[in-house]
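Coordinates from start.cif are shown below (mmCIF, C-alpha atoms).
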data_work
loop_
_atom_site.label_atom_id
_atom_site.label_comp_id
_atom_site.auth_asym_id
_atom_site.auth_seq_id
_atom_site.Cartn_x
_atom_site.Cartn_y
_atom_site.Cartn_z
CA MET A 1 -180.33 -30.19 75.12
CA PRO A 2 -183.26 -28.08 73.85
CA ARG A 3 -183.22 -26.90 70.25
CA LEU A 4 -183.77 -23.23 70.90
CA ILE A 5 -184.38 -20.67 68.20
CA THR A 6 -184.99 -17.14 69.41
CA VAL A 7 -187.57 -15.65 67.08
CA ALA A 8 -188.42 -12.00 66.57
CA ALA A 9 -191.86 -11.39 65.09
CA ALA A 10 -191.13 -8.04 63.41
CA GLN A 11 -194.41 -6.19 63.00
CA LEU A 12 -194.55 -3.25 60.61
CA GLY A 13 -196.80 -0.29 61.13
CA PRO A 14 -198.62 1.22 58.17
CA ILE A 15 -196.85 1.77 54.86
CA GLN A 16 -198.42 4.59 52.90
CA ARG A 17 -198.86 4.53 49.15
CA ALA A 18 -196.29 7.32 48.78
CA ASP A 19 -193.60 5.57 50.87
CA SER A 20 -190.58 4.41 48.89
CA ARG A 21 -188.93 0.99 49.05
CA LYS A 22 -185.85 2.71 50.46
CA GLN A 23 -187.86 4.12 53.36
CA VAL A 24 -189.45 0.76 54.11
CA VAL A 25 -186.15 -1.13 53.94
CA ALA A 26 -184.65 1.35 56.40
CA ARG A 27 -187.48 0.56 58.82
CA MET A 28 -186.93 -3.16 58.38
CA ILE A 29 -183.20 -2.77 59.03
CA ALA A 30 -184.00 -0.87 62.22
CA LEU A 31 -186.16 -3.81 63.34
CA LEU A 32 -183.34 -6.26 62.52
CA GLU A 33 -181.05 -4.28 64.77
CA LYS A 34 -183.64 -4.13 67.53
CA ALA A 35 -184.21 -7.87 67.28
CA LYS A 36 -180.48 -8.57 67.42
CA ALA A 37 -180.15 -6.43 70.53
CA GLN A 38 -182.80 -8.59 72.21
CA GLY A 39 -181.02 -11.84 71.37
CA ALA A 40 -182.99 -12.94 68.32
CA THR A 41 -181.46 -15.21 65.70
CA PHE A 42 -184.41 -15.35 63.27
CA VAL A 43 -186.60 -12.39 62.27
CA VAL A 44 -190.01 -12.77 60.65
CA PHE A 45 -191.58 -9.84 58.78
CA PRO A 46 -195.17 -9.66 57.43
CA GLU A 47 -196.83 -10.27 54.09
CA LEU A 48 -196.14 -7.63 51.40
CA ALA A 49 -193.57 -6.12 53.73
CA LEU A 50 -192.11 -3.72 51.14
CA THR A 51 -195.28 -1.90 50.07
CA THR A 52 -198.68 -0.71 51.10
CA PHE A 53 -201.43 -3.32 50.75
CA PHE A 54 -201.98 -2.39 47.12
CA PRO A 55 -204.78 -4.92 46.31
CA ARG A 56 -207.16 -2.37 47.81
CA TRP A 57 -206.50 -0.14 44.76
CA TYR A 58 -208.24 -0.90 41.47
CA HIS A 59 -206.21 -0.54 38.27
CA GLU A 60 -208.23 -0.78 35.07
CA GLU A 61 -205.06 -1.79 33.26
CA ARG A 62 -203.64 -4.75 35.16
CA ALA A 63 -200.05 -3.83 34.25
CA GLU A 64 -200.35 -0.55 36.18
CA ALA A 65 -200.07 -2.59 39.36
CA ASP A 66 -196.65 -3.91 38.37
CA GLN A 67 -195.07 -0.94 40.15
CA TRP A 68 -195.69 -2.81 43.41
CA PHE A 69 -193.89 -6.00 42.31
CA GLU A 70 -190.26 -7.07 42.70
CA ARG A 71 -188.62 -8.30 39.50
CA SER A 72 -185.64 -9.73 41.37
CA MET A 73 -184.91 -10.67 44.95
CA PRO A 74 -182.75 -9.24 46.22
CA GLY A 75 -182.82 -6.22 43.96
CA PRO A 76 -181.03 -2.89 44.17
CA GLU A 77 -183.49 -1.51 46.73
CA THR A 78 -183.65 -4.62 48.91
CA GLN A 79 -179.97 -5.62 48.84
CA PRO A 80 -179.18 -3.44 51.89
CA LEU A 81 -181.66 -5.50 53.94
CA PHE A 82 -179.88 -8.73 53.01
CA ASP A 83 -176.49 -7.16 53.65
CA ARG A 84 -177.44 -5.94 57.13
CA ALA A 85 -179.02 -9.26 58.09
CA ARG A 86 -175.83 -11.03 57.04
CA GLU A 87 -173.69 -8.58 59.03
CA LEU A 88 -175.84 -9.18 62.10
CA GLY A 89 -175.82 -12.95 61.62
CA LEU A 90 -179.61 -13.10 61.42
CA ALA A 91 -181.84 -15.41 59.42
CA MET A 92 -185.07 -13.82 58.23
CA SER A 93 -188.34 -14.29 56.38
CA PHE A 94 -190.52 -11.70 54.66
CA GLY A 95 -193.27 -11.40 52.10
CA TYR A 96 -193.35 -9.44 48.85
CA ALA A 97 -195.09 -9.22 45.48
CA GLU A 98 -193.12 -11.33 42.99
CA LEU A 99 -193.02 -10.69 39.25
CA THR A 100 -191.24 -13.57 37.54
CA PRO A 101 -189.10 -13.24 34.39
CA GLU A 102 -191.95 -15.00 32.55
CA GLY A 103 -194.39 -12.28 33.63
CA ARG A 104 -196.22 -14.25 36.33
CA HIS A 105 -197.44 -12.55 39.51
CA PHE A 106 -197.39 -14.13 42.97
CA ASN A 107 -197.82 -13.13 46.59
CA SER A 108 -194.62 -14.69 47.89
CA SER A 109 -192.46 -15.14 50.97
CA ILE A 110 -188.92 -16.42 51.44
CA LEU A 111 -186.57 -17.89 54.01
CA VAL A 112 -183.12 -16.32 54.10
CA ASP A 113 -180.27 -17.95 56.00
CA ARG A 114 -177.73 -16.15 58.20
CA GLY A 115 -175.39 -15.81 55.21
CA GLY A 116 -177.96 -13.75 53.32
CA ARG A 117 -178.89 -16.56 50.92
CA ILE A 118 -182.47 -17.29 49.89
CA VAL A 119 -182.98 -20.96 50.71
CA ALA A 120 -186.75 -21.36 50.28
CA LYS A 121 -189.74 -19.70 48.64
CA TYR A 122 -193.48 -20.01 49.16
CA ARG A 123 -196.27 -18.56 47.02
CA LYS A 124 -199.66 -17.83 48.60
CA ILE A 125 -202.24 -20.44 47.67
CA HIS A 126 -205.52 -19.31 49.27
CA LEU A 127 -206.13 -15.96 47.57
CA PRO A 128 -209.12 -14.10 49.01
CA GLY A 129 -211.13 -11.32 47.41
CA HIS A 130 -212.31 -10.80 43.85
CA VAL A 131 -211.18 -9.94 40.31
CA GLU A 132 -213.33 -7.01 39.17
CA PHE A 133 -214.31 -3.77 40.91
CA ASP A 134 -217.20 -4.56 43.27
CA THR A 135 -219.65 -1.73 43.96
CA GLU A 136 -221.31 -3.75 46.75
CA ARG A 137 -218.20 -3.81 48.94
CA THR A 138 -217.19 -1.12 51.40
CA HIS A 139 -213.61 -1.47 50.12
CA GLN A 140 -211.88 -3.48 47.43
CA HIS A 141 -209.82 -6.63 47.99
CA LEU A 142 -208.38 -7.45 44.58
CA GLU A 143 -205.84 -10.17 45.29
CA LYS A 144 -207.47 -12.43 42.70
CA ARG A 145 -206.94 -9.66 40.13
CA TYR A 146 -203.25 -9.10 40.80
CA PHE A 147 -201.95 -12.54 41.83
CA GLU A 148 -202.05 -16.11 40.58
CA PRO A 149 -202.63 -18.89 43.13
CA GLY A 150 -199.32 -20.23 44.36
CA ASP A 151 -197.84 -23.14 42.42
CA LEU A 152 -195.27 -24.48 44.90
CA GLY A 153 -197.54 -26.27 47.36
CA PHE A 154 -196.82 -26.25 51.11
CA PRO A 155 -193.25 -27.56 51.40
CA VAL A 156 -191.27 -27.89 54.62
CA TRP A 157 -187.55 -27.19 54.68
CA GLU A 158 -184.65 -28.03 56.97
CA PHE A 159 -183.66 -24.60 58.27
CA GLU A 160 -181.95 -23.27 61.38
CA GLY A 161 -181.75 -26.74 62.89
CA GLY A 162 -185.44 -27.53 62.51
CA LEU A 163 -188.26 -28.12 60.07
CA PHE A 164 -189.85 -24.89 58.85
CA GLY A 165 -192.80 -24.00 56.68
CA MET A 166 -194.38 -20.79 55.40
CA ALA A 167 -197.91 -19.53 54.87
CA ILE A 168 -199.39 -16.14 54.03
CA CYS A 169 -202.41 -14.34 55.49
CA ASN A 170 -205.61 -16.09 54.35
CA ASP A 171 -203.77 -19.43 54.30
CA ARG A 172 -203.94 -19.39 58.10
CA ARG A 173 -207.72 -19.85 58.00
CA TRP A 174 -207.56 -23.18 56.14
CA PRO A 175 -206.76 -26.33 58.15
CA GLU A 176 -205.27 -27.98 55.06
CA THR A 177 -202.45 -25.43 55.15
CA TYR A 178 -201.16 -26.66 58.49
CA ARG A 179 -201.97 -30.33 57.98
CA VAL A 180 -199.99 -30.68 54.75
CA MET A 181 -196.99 -29.21 56.57
CA GLY A 182 -197.79 -31.24 59.68
CA LEU A 183 -197.54 -34.39 57.58
CA GLN A 184 -193.96 -33.34 56.81
CA GLY A 185 -193.15 -32.98 60.52
CA VAL A 186 -193.16 -29.17 60.55
CA GLU A 187 -191.86 -27.62 63.78
CA MET A 188 -192.38 -23.93 63.01
CA VAL A 189 -194.73 -22.20 60.59
CA VAL A 190 -194.02 -18.55 59.84
CA LEU A 191 -196.76 -16.45 58.31
CA GLY A 192 -197.23 -12.79 57.56
CA TYR A 193 -200.51 -11.03 57.00
CA ASN A 194 -202.18 -7.72 56.11
CA THR A 195 -205.76 -8.06 57.35
CA PRO A 196 -208.37 -5.28 57.16
CA SER A 197 -210.13 -4.52 60.43
CA ALA A 198 -213.47 -4.42 58.61
CA ASN A 199 -215.09 -7.16 56.58
CA SER A 200 -216.10 -5.51 53.31
CA GLN A 201 -219.10 -7.84 53.00
CA SER A 202 -220.27 -7.97 56.63
CA PRO A 203 -220.85 -4.66 58.42
CA ASN A 204 -221.83 -6.49 61.61
CA GLU A 205 -218.42 -8.13 61.98
CA THR A 206 -216.29 -6.10 64.38
CA ALA A 207 -212.54 -5.72 64.57
CA ALA A 208 -212.69 -7.75 67.79
CA ASP A 209 -214.47 -10.53 65.89
CA ARG A 210 -211.75 -10.53 63.26
CA LEU A 211 -208.98 -10.68 65.86
CA PHE A 212 -210.80 -13.58 67.49
CA HIS A 213 -210.90 -15.49 64.19
CA HIS A 214 -207.23 -14.70 63.59
CA ARG A 215 -206.16 -16.08 66.96
CA LEU A 216 -208.50 -19.06 66.64
CA SER A 217 -207.06 -20.06 63.27
CA VAL A 218 -203.44 -19.75 64.34
CA GLN A 219 -203.88 -21.46 67.69
CA ALA A 220 -205.85 -24.34 66.17
CA GLY A 221 -203.22 -24.85 63.47
CA ALA A 222 -200.46 -24.87 66.07
CA TYR A 223 -202.25 -27.29 68.42
CA GLN A 224 -203.62 -29.72 65.83
CA ASN A 225 -200.18 -30.14 64.26
CA SER A 226 -198.04 -29.65 67.38
CA THR A 227 -196.00 -26.85 65.84
CA TRP A 228 -194.88 -23.35 66.67
CA VAL A 229 -196.63 -20.67 64.62
CA VAL A 230 -195.23 -17.15 64.26
CA ALA A 231 -197.90 -14.79 62.89
CA VAL A 232 -196.75 -11.28 61.99
CA ALA A 233 -198.89 -8.31 61.00
CA LYS A 234 -198.56 -5.19 58.98
CA ALA A 235 -200.91 -2.97 60.95
CA GLY A 236 -202.36 0.50 61.30
CA THR A 237 -204.02 2.91 58.92
CA GLU A 238 -202.69 2.96 55.36
CA ASP A 239 -204.10 5.83 53.32
CA GLY A 240 -207.33 5.72 55.32
CA HIS A 241 -207.67 1.91 55.39
CA HIS A 242 -207.10 0.17 58.72
CA LEU A 243 -205.30 -3.14 59.20
CA PHE A 244 -205.45 -4.87 62.57
CA GLY A 245 -202.33 -5.99 64.43
CA GLY A 246 -202.40 -9.06 66.62
CA THR A 247 -198.83 -10.19 65.94
CA LEU A 248 -198.37 -13.30 68.05
CA ILE A 249 -196.42 -16.48 68.66
CA ALA A 250 -198.37 -19.68 69.39
CA ALA A 251 -196.73 -22.68 71.04
CA PRO A 252 -197.22 -26.31 69.95
CA ASP A 253 -199.94 -26.69 72.61
CA GLY A 254 -201.89 -23.86 70.98
CA LYS A 255 -201.27 -21.34 73.73
CA ILE A 256 -200.22 -17.79 72.85
CA VAL A 257 -196.82 -17.14 74.44
CA GLY A 258 -196.57 -13.51 73.32
CA GLU A 259 -198.61 -10.90 71.47
CA LEU A 260 -198.06 -7.28 70.50
CA THR A 261 -200.75 -4.87 71.64
CA HIS A 262 -199.89 -1.93 69.36
CA GLU A 263 -200.00 -1.23 65.61
CA GLU A 264 -196.56 0.29 65.11
CA ASP A 265 -193.14 -1.03 64.09
CA GLY A 266 -191.93 -3.37 66.81
CA VAL A 267 -190.56 -6.80 67.66
CA LEU A 268 -191.93 -9.62 69.76
CA VAL A 269 -188.99 -11.82 70.80
CA HIS A 270 -189.43 -15.31 72.22
CA PRO A 271 -187.12 -18.33 72.62
CA CYS A 272 -188.82 -21.28 70.94
CA ASP A 273 -187.71 -24.81 71.82
CA LEU A 274 -188.39 -26.91 68.73
CA ASP A 275 -188.30 -30.03 70.89
CA GLU A 276 -191.57 -28.89 72.49
CA THR A 277 -193.27 -30.08 69.31
CA ARG A 278 -192.35 -33.70 70.04
CA PHE A 279 -194.88 -34.49 72.75
CA GLY A 280 -197.94 -33.68 70.66
CA LYS A 281 -196.48 -35.43 67.63
CA ALA A 282 -195.89 -38.59 69.70
CA THR A 283 -199.25 -38.68 71.48
CA ILE A 284 -202.64 -37.26 70.45
CA PHE A 285 -201.36 -36.07 67.07
CA ASP A 286 -199.27 -39.11 66.23
CA PHE A 287 -200.58 -39.17 62.68
CA ALA A 288 -199.17 -42.59 61.80
CA ARG A 289 -201.16 -44.23 64.63
CA HIS A 290 -204.38 -42.25 64.54
CA ARG A 291 -205.18 -40.87 61.08
CA ARG A 292 -207.74 -42.74 58.96
CA VAL A 293 -207.10 -41.58 55.42
CA GLU A 294 -209.59 -44.07 53.96
CA HIS A 295 -212.35 -41.75 55.22
CA TYR A 296 -210.89 -38.44 54.03
CA GLY A 297 -211.49 -38.76 50.30
CA LEU A 298 -213.89 -35.82 50.03
CA ILE A 299 -211.12 -33.45 51.06
CA THR A 300 -209.46 -33.84 47.67
CA GLU A 301 -212.41 -35.08 45.60
CA ARG A 302 -214.54 -31.97 46.21
CA THR A 303 -213.69 -28.30 46.15
CA GLY A 304 -217.10 -26.96 47.18
CA ALA A 305 -219.75 -28.47 49.43
CA GLY A 306 -221.99 -31.08 47.82
CA ALA A 307 -224.65 -33.60 48.69
CA PRO A 308 -224.34 -35.49 51.98
CA LEU A 309 -223.13 -39.07 51.78
CA GLY A 310 -225.34 -40.45 54.54
CA LYS A 311 -228.40 -42.52 53.67
CA PRO A 312 -231.40 -43.40 55.84
CA GLU A 313 -230.71 -46.54 57.85
CA GLY A 314 -231.98 -49.58 56.00
CA ALA A 315 -232.19 -47.81 52.63
#
Target format structure tokens, applied to this file:
Amino acid sequence: MPRLITVAAAQLGPIQRADSRKQVVARMIALLEKAKAQGATFVVFPELALTTFFPRWYHEERAEADQWFERSMPGPETQPLFDRARELGLAMSFGYAELTPEGRHFNSSILVDRGGRIVAKYRKIHLPGHVEFDTERTHQHLEKRYFEPGDLGFPVWEFEGGLFGMAICNDRRWPETYRVMGLQGVEMVVLGYNTPSANSQSPNETAADRLFHHRLSVQAGAYQNSTWVVAVAKAGTEDGHHLFGGTLIAAPDGKIVGELTHEEDGVLVHPCDLDETRFGKATIFDFARHRRVEHYGLITERTGAGAPLGKPEGA
């Protein structure tokens, strides 16, 4: 029998700076209900699902940004989301800005089971952007100012009858993200993102270029690790800043099986058979048979590019 999990990729349209958590949670609950009506059992929301993409705003005093962070999860404003998911019998995943009791700041995401219990947490590792206000950029991208790099690695968890992992936004562009999870047998990677349509450092890069790179990264990660990947956007124009959509589900063969073509709140529902990951894992990407780790040392020995290792023949 196939191991089917019917996933709803729950895209959010823009969240304005003035929108309250209560308003956003109401929108997320509406998407839960829509997903349930279409037969979904697992709903995936985007990165920073509860707020606008606040790293575009520069705060001279770092603590002024704490208004965007959640000090507990669930908290008073997010408890209704957990309650409704439990009532509907839905598992879910979403991203948020986490402020720990020790005062640490992370860009985080969680897995929540059908009983409304948080069973896993991931903290974004590949933080893009910069720390200080940059006058050379067309817009600011201050994730390195407001977040610490994640400290939990790339774990994989037993969840909903399969092996699940999480990633966030820029993580999708790094092959190491998928491979570390692939080495744990991951069968579905869920990732949310908020990606500007313009590259603040490259005026010649179009929105179409950026969507191409998004799809390329997700499809390659899915294919090269024989895993489902559910990539969910927050999209549209937030306070004058545009985020592209491109919410999609990629199968273990790398093919896109569904994609949203709008930038509003909506769900993309698809039945995913986790057993479809087995063929790739047993053939071309049978890591135990084909990987040659004795030649991969530079991956962990170097962070940046360095001198080539090759020498002239006979030297």
Evaluate the PyMOL selection byres ((chain A and resi 308-314) around 12) and report residues as a CSV table (one decimal) with C-alpha atoms, in the coordinates of the input:
chain,number,residue,atom,x,y,z
A,295,HIS,CA,-212.4,-41.8,55.2
A,297,GLY,CA,-211.5,-38.8,50.3
A,298,LEU,CA,-213.9,-35.8,50.0
A,302,ARG,CA,-214.5,-32.0,46.2
A,305,ALA,CA,-219.8,-28.5,49.4
A,306,GLY,CA,-222.0,-31.1,47.8
A,307,ALA,CA,-224.6,-33.6,48.7
A,315,ALA,CA,-232.2,-47.8,52.6
Skip Ser202 (chain A) itself and residues of its chain fewer than 5 positions away, then list as a PDB file with C-alpha atoms, in the frame of the given file all residues within 12 Å of it, counting all atoms listed in the file.
ATOM      1  CA  GLU A 136    -221.310  -3.750  46.750  1.00  0.00           C
ATOM      2  CA  ARG A 137    -218.200  -3.810  48.940  1.00  0.00           C
ATOM      3  CA  THR A 138    -217.190  -1.120  51.400  1.00  0.00           C
ATOM      4  CA  HIS A 139    -213.610  -1.470  50.120  1.00  0.00           C
ATOM      5  CA  SER A 197    -210.130  -4.520  60.430  1.00  0.00           C
ATOM      6  CA  ALA A 207    -212.540  -5.720  64.570  1.00  0.00           C
ATOM      7  CA  ASP A 209    -214.470 -10.530  65.890  1.00  0.00           C
ATOM      8  CA  ARG A 210    -211.750 -10.530  63.260  1.00  0.00           C
TER       9      ARG A 210
END
With only C-alpha atoms as the counted atoms, please give the residues lying no more than 9 Å from Gly162 (chain A), apart from itself and same-chain residues fewer than 6 positions off, as a ChimeraX atom specification.
/A:3,5,186-188,274
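Between Gly89 (chain A) and the candidates A:Gly39, A:Gly161, A:Gly129, A:Pro252, the tightest atom-to-atom separation, counting only C-alpha atoms, involves A:Gly39.
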Give me the residues within 9 Å of Phe133 (chain A) as a list in words, counting only C-alpha atoms and dropping any in the same chain fewer than 3 places off.
Tyr58, Glu60, His130, Arg137, Gln140, His141 and Leu142 of chain A
File of the preceding selection, C-alpha atoms, as a short mmCIF file (atom, residue, chain, number, x, y, z; two decimals), keeping the file's coordinate frame:
data_model
loop_
_atom_site.label_atom_id
_atom_site.label_comp_id
_atom_site.auth_asym_id
_atom_site.auth_seq_id
_atom_site.Cartn_x
_atom_site.Cartn_y
_atom_site.Cartn_z
CA TYR A 58 -208.24 -0.90 41.47
CA GLU A 60 -208.23 -0.78 35.07
CA HIS A 130 -212.31 -10.80 43.85
CA ARG A 137 -218.20 -3.81 48.94
CA GLN A 140 -211.88 -3.48 47.43
CA HIS A 141 -209.82 -6.63 47.99
CA LEU A 142 -208.38 -7.45 44.58
#
Could you expand the PyMOL selection byres ((chain A and resi 182-185) around 9) into the explicit residues it covers here, written as a PDB file with C-alpha atoms, in the coordinates of the input?
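Now in out.pdb:
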ATOM      1  CA  PRO A 155    -193.250 -27.560  51.400  1.00  0.00           C
ATOM      2  CA  VAL A 156    -191.270 -27.890  54.620  1.00  0.00           C
ATOM      3  CA  LEU A 163    -188.260 -28.120  60.070  1.00  0.00           C
ATOM      4  CA  PHE A 164    -189.850 -24.890  58.850  1.00  0.00           C
ATOM      5  CA  THR A 177    -202.450 -25.430  55.150  1.00  0.00           C
ATOM      6  CA  TYR A 178    -201.160 -26.660  58.490  1.00  0.00           C
ATOM      7  CA  ARG A 179    -201.970 -30.330  57.980  1.00  0.00           C
ATOM      8  CA  VAL A 180    -199.990 -30.680  54.750  1.00  0.00           C
ATOM      9  CA  MET A 181    -196.990 -29.210  56.570  1.00  0.00           C
ATOM     10  CA  VAL A 186    -193.160 -29.170  60.550  1.00  0.00           C
ATOM     11  CA  GLU A 187    -191.860 -27.620  63.780  1.00  0.00           C
ATOM     12  CA  GLN A 224    -203.620 -29.720  65.830  1.00  0.00           C
ATOM     13  CA  ASN A 225    -200.180 -30.140  64.260  1.00  0.00           C
ATOM     14  CA  SER A 226    -198.040 -29.650  67.380  1.00  0.00           C
ATOM     15  CA  THR A 227    -196.000 -26.850  65.840  1.00  0.00           C
ATOM     16  CA  LYS A 281    -196.480 -35.430  67.630  1.00  0.00           C
ATOM     17  CA  PHE A 287    -200.580 -39.170  62.680  1.00  0.00           C
TER      18      PHE A 287
END
Out of A:Pro55, A:Gly192, A:Gly221, A:Gly266, which residue has the shortest atom-to-atom distance to Val131 (chain A) when counting all atoms listed in the file?
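Using all atoms listed in the file, the shortest distance to Val131 (chain A) belongs to A:Pro55.
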One number please: CA of His262 (chain A) to CA of Gly246 (chain A), in Å, one decimal.
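The value is 8.0 Å.
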Here's a test: counting only C-alpha atoms, identify every protein, DNA and RNA residue with an atom at most 6 Å from (-183.2, -16.8, 59.2) in the file's coordinate frame, and state them as JSON, numbers by chain.
{"A": [42, 90, 91, 92, 112, 113, 114]}
Which residue, A:Trp57, A:Phe82, A:Tyr193, A:Phe212, has the smallest gap to Gly95 (chain A) when you use only C-alpha atoms?
A:Tyr193
Go ahead and find all residues with at least one atom no further than 8 Å from (-202.1, -17.8, 49.5) in the file's coordinates, using all atoms listed in the file; report them as a ChimeraX atom specification.
/A:107,123-128,149-150,167-171
Evaluated on this file, the PyMOL selection byres ((chain A and resi 236) around 12) picks out some residues - which ones are they, written as a PyMOL selection string?
chain A and resi 11-16+52-53+194-197+233-235+237-246+261-265
So how far away is CA of Lys121 (chain A) from CA of Ser109 (chain A), in Å?
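Atom-to-atom, CA of Ser109 (chain A) and CA of Lys121 (chain A) are spaced 5.8 Å apart.
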Could you check the closest approach to Met1 (chain A) for each of A:Glu47, A:Leu152, A:Leu111, A:Asp275 and tell me which residue wins, using all atoms listed in the file?
A:Asp275
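Distances from A:Ala8, A:Gln67, A:Asp273, A:Gly258 to Val190 (chain A) were compared using only C-alpha atoms, and the smallest one belongs to A:Ala8.
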So the first atom is CA of Asn199 (chain A) and the second is CA of Asp134 (chain A); what is the distance between them in Å, to one decimal place?
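CA of Asp134 (chain A) lies 13.7 Å from CA of Asn199 (chain A).
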Hey, what's within 12 Å of region 97-99 of chain A if we count all atoms listed in the file and toss same-chain stuff fewer than 4 positions away? As an MDAnalysis selection string, please?
chainID A and resid 46:55 63 65:75 103:110 121:124 143 146:148 150 168
Rank nothing, just name the residue among A:Ala18, A:Leu211, A:Leu191, A:Leu32 nearest to Asp83 (chain A), using only C-alpha atoms.
A:Leu32
